[in-house]
file data13.txt (compact mmCIF, C-alpha atoms)
# COMPACT_ATOMS: atom_id res chain seq x y z
CA MET A 1 41.28 -5.63 -22.23
CA GLU A 2 41.69 -7.07 -25.71
CA ASP A 3 42.44 -4.83 -28.65
CA GLU A 4 41.85 -7.60 -31.11
CA GLN A 5 40.77 -6.54 -34.57
CA LEU A 6 37.05 -6.86 -34.92
CA SER A 7 37.41 -8.29 -38.42
CA ARG A 8 38.55 -11.60 -36.91
CA LEU A 9 35.26 -11.85 -35.07
CA LEU A 10 33.05 -11.13 -38.06
CA PRO A 11 31.82 -13.54 -40.72
CA ASP A 12 33.49 -13.59 -44.12
CA GLY A 13 32.16 -11.30 -46.79
CA VAL A 14 31.56 -8.17 -44.73
CA ASP A 15 32.14 -5.11 -46.87
CA GLU A 16 35.60 -3.60 -46.21
CA ARG A 17 34.32 -0.09 -45.62
CA GLU A 18 31.68 -1.32 -43.25
CA ALA A 19 34.25 -3.46 -41.43
CA ASP A 20 36.50 -0.41 -41.01
CA ALA A 21 33.64 1.67 -39.64
CA LEU A 22 32.64 -1.06 -37.22
CA ASP A 23 36.24 -1.50 -36.16
CA ARG A 24 36.47 2.20 -35.25
CA THR A 25 33.48 1.74 -32.98
CA TRP A 26 35.07 -1.41 -31.63
CA GLN A 27 38.29 0.41 -30.80
CA MET A 28 36.40 3.28 -29.21
CA LEU A 29 34.73 0.80 -26.88
CA GLY A 30 38.13 0.45 -25.24
CA ALA A 31 37.77 3.96 -23.84
CA ILE A 32 34.76 3.02 -21.75
CA GLU A 33 35.94 2.38 -18.27
CA ALA A 34 34.16 0.39 -15.62
CA PRO A 35 34.37 0.99 -11.87
CA ALA A 36 36.67 -1.26 -9.89
CA PRO A 37 35.13 -3.68 -7.42
CA ASP A 38 35.59 -3.26 -3.70
CA GLY A 39 37.51 -6.51 -3.41
CA GLY A 40 38.00 -6.24 0.35
CA ARG A 41 34.34 -5.86 1.09
CA MET A 42 33.38 -8.61 -1.33
CA ARG A 43 36.01 -10.95 0.10
CA ALA A 44 34.74 -10.29 3.61
CA ARG A 45 31.25 -11.28 2.53
CA LEU A 46 32.54 -14.43 0.93
CA ASP A 47 34.63 -15.31 3.99
CA ALA A 48 31.52 -14.99 6.13
CA VAL A 49 29.77 -17.50 3.87
CA ILE A 50 32.74 -19.87 4.02
CA ASP A 51 32.80 -19.53 7.81
CA ALA A 52 29.13 -20.43 7.87
CA VAL A 53 29.67 -23.50 5.73
CA GLU A 54 32.84 -24.97 7.19
CA PRO A 55 31.57 -26.14 10.59
CA PHE A 56 28.81 -28.11 8.86
CA ARG A 57 31.18 -29.59 6.35
CA ARG A 58 33.53 -30.75 9.13
CA GLY A 59 30.71 -32.15 11.23
CA PRO A 60 29.40 -31.03 14.60
CA GLU A 61 31.74 -33.19 16.68
CA ARG A 62 34.75 -31.17 15.60
CA SER A 63 33.23 -27.75 15.35
CA ALA A 64 33.64 -25.92 18.60
CA PRO A 65 30.80 -23.55 19.46
CA ARG A 66 31.60 -20.10 18.22
CA ARG A 67 30.15 -16.66 18.22
CA TRP A 68 29.42 -15.27 14.80
CA MET A 69 31.11 -11.98 14.26
CA PHE A 70 29.40 -9.85 11.65
CA HIS A 71 30.84 -6.78 10.07
CA SER A 72 28.30 -4.33 8.80
CA TYR A 73 29.53 -4.66 5.23
CA ALA A 74 29.20 -8.41 5.37
CA LEU A 75 25.51 -8.38 5.95
CA GLN A 76 24.03 -7.62 2.56
CA GLY A 77 23.39 -10.89 0.90
CA LEU A 78 25.12 -12.88 3.60
CA ALA A 79 21.94 -13.65 5.40
CA ALA A 80 20.24 -15.34 2.49
CA ALA A 81 23.44 -16.91 1.24
CA ALA A 82 24.47 -18.37 4.57
CA VAL A 83 21.10 -19.83 5.36
CA LEU A 84 20.80 -21.20 1.84
CA VAL A 85 24.15 -22.92 2.14
CA ILE A 86 23.39 -24.23 5.61
CA GLY A 87 20.04 -25.47 4.40
CA VAL A 88 21.81 -27.32 1.61
CA GLY A 89 24.21 -28.67 4.25
CA ILE A 90 21.37 -30.04 6.31
CA GLY A 91 19.82 -31.63 3.26
CA SER A 92 23.01 -33.29 2.11
CA TYR A 93 23.79 -34.54 5.62
CA ALA A 94 20.38 -36.10 5.85
CA ALA A 95 20.97 -37.83 2.56
CA ARG A 96 24.52 -39.02 3.23
CA ARG A 97 24.73 -39.96 6.91
CA PRO A 98 23.39 -43.14 8.48
CA GLN A 99 20.02 -42.64 10.11
CA THR A 100 21.26 -43.06 13.69
CA ASP A 101 24.00 -40.43 13.40
CA SER A 102 22.09 -37.95 11.36
CA VAL A 103 19.31 -37.24 13.86
CA SER A 104 21.55 -35.66 16.48
CA GLU A 105 23.75 -33.99 13.90
CA ILE A 106 20.80 -32.40 12.13
CA ALA A 107 19.47 -31.24 15.49
CA ALA A 108 22.83 -29.62 16.23
CA MET A 109 22.85 -27.94 12.83
CA ARG A 110 19.35 -26.63 13.36
CA VAL A 111 20.45 -25.04 16.63
CA GLU A 112 23.38 -23.37 14.89
CA MET A 113 21.15 -22.24 12.06
CA HIS A 114 18.75 -20.74 14.58
CA ASP A 115 21.65 -18.93 16.27
CA LEU A 116 22.84 -17.67 12.91
CA ARG A 117 19.41 -16.31 12.04
CA GLU A 118 19.25 -14.53 15.38
CA MET A 119 22.65 -12.96 14.87
CA VAL A 120 21.75 -11.84 11.37
CA SER A 121 18.50 -10.31 12.60
CA LEU A 122 20.17 -8.49 15.47
CA SER A 123 22.98 -7.20 13.31
CA LEU A 124 20.66 -5.97 10.59
CA MET A 125 18.51 -4.18 13.16
CA GLN A 126 21.53 -2.07 14.08
CA GLN A 127 22.26 -0.87 10.58
CA GLN A 128 22.17 2.77 9.47
CA SER A 129 19.90 2.03 6.56
CA ALA A 130 16.19 1.81 7.35
CA SER A 131 15.65 -0.84 4.70
CA GLU A 132 18.36 -2.98 6.30
CA ARG A 133 16.68 -2.57 9.69
CA ILE A 134 13.38 -3.62 8.16
CA ARG A 135 15.12 -6.69 6.77
CA GLY A 136 16.45 -7.45 10.24
CA VAL A 137 13.01 -7.11 11.77
CA THR A 138 11.50 -9.29 9.06
CA TRP A 139 14.16 -11.93 9.56
CA THR A 140 12.89 -12.56 13.05
CA GLY A 141 9.86 -14.11 11.35
CA GLN A 142 12.09 -17.12 10.66
CA LEU A 143 12.64 -17.76 14.36
CA ASP A 144 10.38 -20.21 16.13
CA ARG A 145 11.54 -19.39 19.60
CA PRO A 146 13.33 -16.05 19.76
CA SER A 147 15.78 -15.39 22.56
CA SER A 148 15.03 -12.63 25.04
CA GLU A 149 17.76 -10.64 23.28
CA VAL A 150 15.79 -10.66 20.03
CA VAL A 151 12.50 -9.78 21.75
CA SER A 152 14.19 -6.90 23.58
CA ALA A 153 15.73 -5.68 20.34
CA LEU A 154 12.31 -5.71 18.65
CA LEU A 155 10.69 -3.82 21.50
CA ASP A 156 13.55 -1.36 21.55
CA THR A 157 13.11 -0.82 17.81
CA LEU A 158 9.38 -0.29 18.31
CA MET A 159 10.03 2.33 20.97
CA HIS A 160 13.03 4.15 19.60
CA ASP A 161 13.58 3.62 15.89
CA SER A 162 13.47 6.94 14.08
CA ASN A 163 11.79 5.50 11.00
CA VAL A 164 8.03 4.94 10.94
CA ASN A 165 8.25 2.12 8.41
CA VAL A 166 10.70 0.23 10.59
CA ARG A 167 8.39 0.62 13.59
CA LEU A 168 5.42 -0.59 11.55
CA ALA A 169 7.37 -3.62 10.37
CA THR A 170 8.28 -4.32 13.98
CA ILE A 171 4.62 -4.45 14.98
CA ASP A 172 4.03 -7.08 12.30
CA ALA A 173 7.04 -9.05 13.52
CA LEU A 174 5.93 -8.89 17.15
CA GLU A 175 2.58 -10.42 16.32
CA ARG A 176 4.14 -13.88 16.25
CA PHE A 177 5.41 -13.40 19.77
CA ALA A 178 2.29 -11.77 21.18
CA SER A 179 1.87 -14.48 23.80
CA LEU A 180 5.08 -13.42 25.55
CA ASP A 181 4.56 -11.24 28.63
CA GLU A 182 7.26 -8.75 27.73
CA VAL A 183 5.75 -8.29 24.25
CA ARG A 184 2.30 -7.67 25.70
CA ARG A 185 3.62 -5.17 28.22
CA GLY A 186 5.93 -3.50 25.71
CA THR A 187 3.30 -2.99 23.05
CA ILE A 188 0.74 -1.64 25.51
CA GLU A 189 3.31 0.80 26.81
CA ALA A 190 4.23 1.82 23.28
CA VAL A 191 0.68 2.83 22.27
CA GLU A 192 0.68 6.00 24.30
CA ARG A 193 4.33 6.83 23.75
CA GLN A 194 4.35 6.64 19.97
CA PRO A 195 4.75 10.01 18.25
CA SER A 196 3.29 8.69 14.99
CA PRO A 197 -0.51 8.28 14.70
CA LEU A 198 0.08 5.68 12.01
CA VAL A 199 2.07 3.50 14.41
CA GLN A 200 -0.43 4.13 17.19
CA ILE A 201 -3.27 2.90 14.99
CA ALA A 202 -1.25 -0.16 13.97
CA LEU A 203 -0.67 -0.91 17.65
CA ILE A 204 -4.35 -0.57 18.45
CA ASP A 205 -5.09 -3.03 15.64
CA PHE A 206 -2.43 -5.28 17.11
CA MET A 207 -4.21 -5.20 20.50
CA VAL A 208 -7.50 -6.12 18.89
CA LYS A 209 -6.01 -8.83 16.75
CA THR A 210 -4.23 -10.44 19.69
CA ASN A 211 -7.25 -9.84 21.91
CA GLU A 212 -5.13 -8.02 24.47
CA ARG A 213 -7.66 -7.18 27.15
CA GLU A 214 -5.03 -5.71 29.43
CA SER A 215 -4.75 -2.84 26.97
CA ALA A 216 -8.32 -1.72 27.68
CA ALA A 217 -7.32 0.92 30.24
CA THR A 218 -4.72 2.35 27.91
CA LEU A 219 -7.13 2.44 24.99
CA ARG A 220 -9.76 4.11 27.15
CA ARG A 221 -7.32 6.85 28.15
CA LEU A 222 -6.29 7.30 24.56
CA SER A 223 -9.87 7.51 23.33
CA GLN A 224 -10.49 10.36 25.75
CA ASP A 225 -7.19 12.16 25.30
CA PRO A 226 -7.83 15.58 23.69
CA GLN A 227 -4.16 15.77 22.73
CA ALA A 228 -4.36 12.59 20.67
CA ASN A 229 -4.86 12.58 16.94
CA ASP A 230 -8.56 12.39 15.95
CA ALA A 231 -8.08 9.19 13.99
CA VAL A 232 -6.17 7.63 16.87
CA ARG A 233 -8.89 8.58 19.34
CA ALA A 234 -11.54 7.07 17.09
CA ARG A 235 -9.49 3.92 16.54
CA ALA A 236 -8.90 3.53 20.27
CA ALA A 237 -12.65 3.79 20.90
CA TRP A 238 -13.25 1.19 18.20
CA GLY A 239 -10.55 -1.05 19.74
CA LEU A 240 -12.19 -0.82 23.15
CA GLN A 241 -15.46 -1.84 21.60
CA GLN A 242 -13.86 -4.83 19.90
CA LEU A 243 -12.21 -6.01 23.09
CA GLY A 244 -15.59 -5.83 24.78
CA MET B 245 38.40 -25.94 -8.20
CA HIS B 246 39.42 -29.56 -7.63
CA ALA B 247 39.98 -28.77 -3.95
CA VAL B 248 36.68 -26.92 -3.63
CA ARG B 249 34.82 -29.76 -5.27
CA GLY B 250 36.58 -32.15 -2.92
CA GLY B 251 35.18 -30.27 0.09
CA ASP B 252 37.96 -27.78 0.85
CA VAL B 253 35.62 -24.81 0.73
CA ALA B 254 38.28 -22.45 2.10
CA LYS B 255 39.95 -22.71 -1.31
CA LEU B 256 37.02 -20.80 -2.70
CA GLY B 257 38.94 -17.74 -1.55
CA VAL B 258 41.69 -18.53 -4.04
CA LEU B 259 39.15 -18.75 -6.85
CA PHE B 260 37.62 -15.53 -5.67
CA GLU B 261 40.94 -13.67 -5.81
CA ARG B 262 41.55 -14.94 -9.32
CA TYR B 263 38.12 -14.37 -10.82
CA HIS B 264 36.19 -11.71 -8.93
CA ARG B 265 37.55 -8.85 -11.04
CA PRO B 266 36.66 -10.30 -14.46
CA LEU B 267 33.28 -11.38 -13.13
CA PHE B 268 32.61 -7.96 -11.67
CA ASP B 269 33.71 -6.26 -14.88
CA PHE B 270 31.38 -8.44 -16.93
CA LEU B 271 28.46 -7.91 -14.58
CA VAL B 272 28.90 -4.18 -14.09
CA ARG B 273 29.08 -3.66 -17.85
CA MET B 274 25.95 -5.75 -18.29
CA THR B 275 23.94 -4.16 -15.49
CA GLY B 276 25.41 -0.65 -15.43
CA ASN B 277 25.25 -0.84 -11.66
CA ALA B 278 28.20 -1.51 -9.36
CA THR B 279 26.14 -2.50 -6.32
CA ALA B 280 24.14 -5.01 -8.29
CA ALA B 281 27.35 -6.36 -9.84
CA GLU B 282 28.91 -6.87 -6.40
CA ASP B 283 25.83 -8.71 -5.18
CA LEU B 284 25.88 -10.86 -8.28
CA VAL B 285 29.56 -11.76 -7.88
CA GLN B 286 28.73 -12.86 -4.35
CA ASP B 287 25.85 -14.89 -5.68
CA VAL B 288 28.10 -16.52 -8.27
CA PHE B 289 30.52 -17.80 -5.63
CA VAL B 290 27.71 -19.06 -3.44
CA ARG B 291 26.41 -20.95 -6.48
CA VAL B 292 29.90 -22.32 -7.12
CA LEU B 293 29.78 -23.77 -3.61
CA LYS B 294 26.31 -25.11 -4.09
CA TYR B 295 26.91 -26.68 -7.47
CA ARG B 296 30.58 -27.57 -7.06
CA ALA B 297 29.85 -31.27 -7.54
CA THR B 298 28.49 -30.57 -11.01
CA TRP B 299 31.78 -29.16 -12.34
CA ARG B 300 33.58 -31.52 -14.72
CA ASP B 301 37.32 -31.36 -15.36
CA GLU B 302 36.97 -31.55 -19.10
CA GLY B 303 35.23 -28.17 -19.35
CA ARG B 304 37.02 -24.85 -18.97
CA PHE B 305 36.46 -23.55 -15.48
CA GLU B 306 36.09 -19.96 -16.66
CA THR B 307 33.33 -20.91 -19.09
CA TRP B 308 31.51 -22.76 -16.30
CA LEU B 309 31.92 -19.75 -14.03
CA PHE B 310 30.57 -17.31 -16.60
CA ARG B 311 27.66 -19.63 -17.29
CA ILE B 312 26.82 -19.38 -13.60
CA ALA B 313 27.24 -15.60 -13.79
CA ARG B 314 24.83 -15.38 -16.73
CA ASN B 315 22.24 -17.43 -14.85
CA ALA B 316 22.70 -15.38 -11.70
CA ARG B 317 22.18 -12.18 -13.65
CA ALA B 318 19.08 -13.55 -15.38
CA ASP B 319 17.60 -14.68 -12.05
CA TYR B 320 18.45 -11.35 -10.48
CA PHE B 321 16.49 -9.40 -13.05
CA LYS B 322 13.67 -11.92 -13.03
CA SER B 323 13.22 -11.42 -9.31
CA ARG B 324 13.59 -7.67 -9.69
CA SER B 325 10.77 -7.52 -12.22
CA ALA B 326 8.57 -9.59 -9.92
CA ASP B 327 9.15 -7.24 -6.99
CA ALA B 328 9.12 -3.49 -6.89
CA PRO B 329 12.12 -2.15 -8.77
CA ILE B 330 14.96 -1.48 -6.36
CA ASP B 331 17.53 -0.08 -8.66
CA GLU B 332 16.57 2.35 -11.33
CA ALA B 333 19.71 1.96 -13.38
CA ALA B 334 19.37 -1.80 -13.41
CA ASP B 335 15.78 -1.71 -14.56
CA HIS B 336 16.24 1.04 -17.06
CA PRO B 337 19.54 0.57 -18.78
CA SER B 338 18.89 3.61 -20.87
CA GLY B 339 18.59 5.76 -17.78
CA ALA B 340 21.20 7.51 -15.72
CA LEU B 341 24.32 5.53 -14.90
CA PRO B 342 26.05 7.85 -12.49
CA ALA B 343 28.91 5.58 -11.45
CA ILE B 344 30.00 4.84 -14.96
CA ASP B 345 29.03 8.19 -16.42
CA MET B 346 31.43 9.87 -14.06
CA LEU B 347 34.21 7.82 -15.57
CA ALA B 348 33.41 8.66 -19.14
CA ARG B 349 36.21 10.79 -20.53
CA ASP B 350 34.34 12.72 -23.13
CA ARG B 351 30.94 13.11 -24.63
CA GLU B 352 31.51 10.72 -27.48
CA VAL B 353 32.65 7.91 -25.26
CA ALA B 354 29.73 8.63 -22.95
CA ARG B 355 27.37 8.36 -25.92
CA LEU B 356 28.93 5.12 -27.01
CA GLN B 357 28.42 3.88 -23.50
CA GLN B 358 24.81 4.96 -23.64
CA ALA B 359 24.46 3.17 -26.93
CA LEU B 360 25.91 0.03 -25.40
CA MET B 361 23.38 0.15 -22.59
CA LEU B 362 20.58 0.72 -25.09
CA LEU B 363 21.60 -2.33 -27.03
CA ARG B 364 19.55 -5.45 -26.47
CA GLU B 365 21.03 -7.54 -23.67
CA ASP B 366 22.01 -10.54 -25.75
CA LYS B 367 23.89 -8.29 -28.16
CA ARG B 368 25.50 -6.31 -25.38
CA GLU B 369 26.62 -9.53 -23.78
CA LEU B 370 28.41 -10.64 -26.94
CA ILE B 371 30.28 -7.38 -27.17
CA VAL B 372 31.18 -7.35 -23.47
CA LEU B 373 32.47 -10.90 -23.57
CA ALA B 374 34.60 -10.35 -26.65
CA ARG B 375 35.73 -6.77 -26.19
CA TYR B 376 36.18 -6.50 -22.45
CA ARG B 377 36.68 -10.07 -21.32
CA GLY B 378 38.77 -10.93 -24.36
CA MET B 379 36.93 -14.19 -24.84
CA LYS B 380 37.71 -16.10 -28.00
CA LEU B 381 34.94 -16.99 -30.40
CA GLU B 382 35.17 -20.65 -29.45
CA ALA B 383 34.76 -19.87 -25.75
CA ILE B 384 31.78 -17.61 -26.42
CA ALA B 385 30.22 -20.27 -28.62
CA ASP B 386 30.73 -22.83 -25.84
CA LEU B 387 29.26 -20.48 -23.26
CA LEU B 388 26.19 -19.69 -25.35
CA GLY B 389 25.83 -23.21 -26.68
CA VAL B 390 25.95 -22.20 -30.34
CA GLU B 391 28.29 -22.66 -33.31
CA VAL B 392 31.24 -20.34 -33.86
CA GLY B 393 29.72 -19.23 -37.16
CA THR B 394 26.55 -18.19 -35.34
CA VAL B 395 28.59 -16.13 -32.90
CA LYS B 396 30.26 -14.35 -35.82
CA VAL B 397 26.93 -13.50 -37.44
CA ARG B 398 25.50 -12.29 -34.16
CA MET B 399 28.62 -10.29 -33.43
CA HIS B 400 28.33 -8.55 -36.76
CA ARG B 401 24.71 -7.62 -36.08
CA ALA B 402 25.50 -6.52 -32.54
CA VAL B 403 28.35 -4.17 -33.45
CA LYS B 404 26.41 -2.83 -36.40
CA GLU B 405 23.42 -2.06 -34.25
CA LEU B 406 25.66 -0.52 -31.60
CA ARG B 407 27.15 1.79 -34.21
CA ASP B 408 23.70 2.71 -35.54
CA ILE B 409 22.46 3.62 -32.07
CA PHE B 410 25.64 5.56 -31.38
CA LEU B 411 25.30 7.57 -34.59
CA ARG B 412 21.65 8.29 -33.87
CA LEU B 413 22.54 9.46 -30.39
CA ASN B 414 25.18 11.74 -31.86
CA GLU B 415 22.63 13.23 -34.21
CA SER B 416 19.94 13.54 -31.59
CA PRO B 417 20.85 12.93 -27.93
CA SER B 418 17.15 12.75 -27.02
CA TRP B 419 16.65 9.82 -29.38
CA LYS B 420 17.22 7.31 -26.55
CA THR B 421 14.20 8.43 -24.58
CA ASN B 422 11.85 7.07 -27.22
CA ASN B 423 13.87 4.03 -28.18
CA SER B 424 14.73 1.86 -25.20
CA VAL B 425 16.04 -1.04 -27.21
CA GLY B 426 18.05 -2.48 -24.37
CA SER B 427 15.24 -3.03 -21.95
CA CYS B 428 14.01 -6.21 -23.64
CA PRO B 429 16.41 -9.07 -22.98
CA THR B 430 16.09 -12.01 -25.29
CA ALA B 431 17.46 -15.50 -25.19

call {"tool": "encode", "arguments": {"input": "data13.txt", "output": "structure tokens"}}
result
Amino acid sequence: MEDEQLSRLLPDGVDEREADALDRTWQMLGAIEAPAPDGGRMRARLDAVIDAVEPFRRGPERSAPRRWMFHSYALQGLAAAAVLVIGVGIGSYAARRPQTDSVSEIAAMRVEMHDLREMVSLSLMQQQSASERIRGVTWTGQLDRPSSEVVSALLDTLMHDSNVNVRLATIDALERFASLDEVRRGTIEAVERQPSPLVQIALIDFMVKTNERESAATLRRLSQDPQANDAVRARAAWGLQQLG
Amino acid sequence: MHAVRGGDVAKLGVLFERYHRPLFDFLVRMTGNATAAEDLVQDVFVRVLKYRATWRDEGRFETWLFRIARNARADYFKSRSADAPIDEAADHPSGALPAIDMLARDREVARLQQALMLLREDKRELIVLARYRGMKLEAIADLLGVEVGTVKVRMHRAVKELRDIFLRLNESPSWKTNNSVGSCPTA
């Protein structure tokens, strides 16, 4: 911290008394402390970004396949940063490499990028913070063809996550994969098992939206279940009607 | 930076070790929020990677780095105002700043700190750069793209306004609630 006299930083002609008063304030500023950064955590995040960039910089022929290891503290910001950097990598490769080489290289990079997105999603879904888990669930929206691991993680989140908002976000995320058998089965099973009426209603809407006729029996049971929430019963009856 | 620009991205770690503390200090004093400052430091180094080809040897690296930091901070608050506010302290500089408040040694220093956060961002930035980063007038002028004389005039106004706010806070601690000067950043 500099203890330089303020007068050197001021224009000429400032009144001496005023300059003294301002200098006292200036000196007092030195007593304001700032927190220290968590250098280790920040460095870990940066290293994760560098790790994400290096294979692409070296080229696919020399980068051995690797598993991405994510520490929980490395996740905030890493996801966006890594994909941004990889995206830039893909772009610059396309621009620099001869056409014949670049096609297979870009394809290889896309595969790695897809793997990276999956790993980020899965890791975020395991975080303590509900908002992080929502981010993980939302990240799956960037996957064209999710692995069975990702689909299972989403269904597991739908069934067992303690936070209603996370479960609701999961229903939105699953909509893209509604054609998969395990998603259809999992969501139908979840309707009756959900403790939250809000999530139950969202699932009923999901069934209607995806025209899931196999859910008819479940919705019928729910619409007649005296234990069910009134709004859920009514929504289930409406869903049955919609599915015809 | 030569190595990083040449493609040796692992050398970014060396730059990080050298500059993450001053960057963090600048950003935490500007935002009043340690978490946001950490995110922004991360963002700065990602931008260094992204824009490494644009760095020219003739310029001071630190000035280039702080220019990136200023842009990252501006973008951060732009995106925050577009979305729902995530961090209260970041969006309301005049509000509670628990992390820093805890470090304040006495009431007067705490009030001066409050005054600093109430100061308009461009003025606060000048003070932070000169007082805490120890930047010379010439470097600040280069960073802001203005003449040294302009920096001096602005510095005078900034410190004067800081003192005025500080004195008003001393007279009436509730003054800040009706006078959120710092919440309107200007160019």

call {"tool": "residues_near_point", "arguments": {"input": "data13.txt", "point": "(-11.0, -1.2, 26.9)", "cutoff": "7 Å", "atoms": "only C-alpha atoms", "output": "mmCIF file with C-alpha atoms, in the frame of the given file"}}
result
data_model
loop_
_atom_site.group_PDB
_atom_site.id
_atom_site.type_symbol
_atom_site.label_atom_id
_atom_site.label_comp_id
_atom_site.auth_asym_id
_atom_site.auth_seq_id
_atom_site.Cartn_x
_atom_site.Cartn_y
_atom_site.Cartn_z
ATOM 1 C CA ARG A 213 -7.660 -7.180 27.150
ATOM 2 C CA SER A 215 -4.750 -2.840 26.970
ATOM 3 C CA ALA A 216 -8.320 -1.720 27.680
ATOM 4 C CA ALA A 217 -7.320 0.920 30.240
ATOM 5 C CA LEU A 219 -7.130 2.440 24.990
ATOM 6 C CA ARG A 220 -9.760 4.110 27.150
ATOM 7 C CA LEU A 240 -12.190 -0.820 23.150
ATOM 8 C CA GLN A 241 -15.460 -1.840 21.600
ATOM 9 C CA LEU A 243 -12.210 -6.010 23.090
ATOM 10 C CA GLY A 244 -15.590 -5.830 24.780
#

call {"tool": "atom_distance", "arguments": {"input": "data13.txt", "atom1": "CA of Arg145 in chain A", "atom2": "CA of Leu203 in chain A"}}
result
22.2 Å

call {"tool": "atom_distance", "arguments": {"input": "data13.txt", "atom1": "CA of Val353 in chain B", "atom2": "CA of Gly39 in chain A"}}
result
26.6 Å

call {"tool": "interface_residues", "arguments": {"input": "data13.txt", "of": "chain B", "to": "chain A", "cutoff": "7 Å", "atoms": "only C-alpha atoms", "output": "number ranges by chain"}}
result
B: 253-254, 265, 268-269, 273, 282-283, 286, 290, 294, 344, 347-348, 353, 357, 375-378, 381, 396-397, 399-400, 403-404, 407

call {"tool": "closest_residue", "arguments": {"input": "data13.txt", "among": "A:Leu222, A:Ala153, A:Ala48, A:Ala237", "to": "Glu182 in chain A", "atoms": "all atoms listed in the file"}}
result
A:Ala153

call {"tool": "atom_distance", "arguments": {"input": "data13.txt", "atom1": "CA of Val183 in chain A", "atom2": "CA of Ile204 in chain A"}}
result
14.0 Å

call {"tool": "axis_aligned_box", "arguments": {"input": "data13.txt", "around": "range 13-30 of chain A", "padding_each_side": "5 Å", "output": "JSON"}}
result
{"center_x": 34.9, "center_y": -4.0, "center_z": -36.1, "size_x": 16.7, "size_y": 24.6, "size_z": 31.6}

call {"tool": "residues_around", "arguments": {"input": "data13.txt", "residues": "Gly141 in chain A", "least_positions_apart": "4", "cutoff": "10 Å", "atoms": "only C-alpha atoms", "output": "list in words"}}
result
Arg117, Ser121, Gly136, Val137, Arg145, Pro146, Asp172, Ala173, Leu174, Glu175, Arg176 and Phe177 of chain A

call {"tool": "residues_around", "arguments": {"input": "data13.txt", "residues": "Gln128 in chain A", "least_positions_apart": "3", "cutoff": "12 Å", "atoms": "only C-alpha atoms", "output": "ChimeraX atom specification"}}
result
/A:72-73,123-125,131-134,136,161-163,166

call {"tool": "closest_residue", "arguments": {"input": "data13.txt", "among": "A:Thr140, A:Gln242, A:Thr157, A:Gln227", "to": "Met119 in chain A", "atoms": "all atoms listed in the file"}}
result
A:Thr140
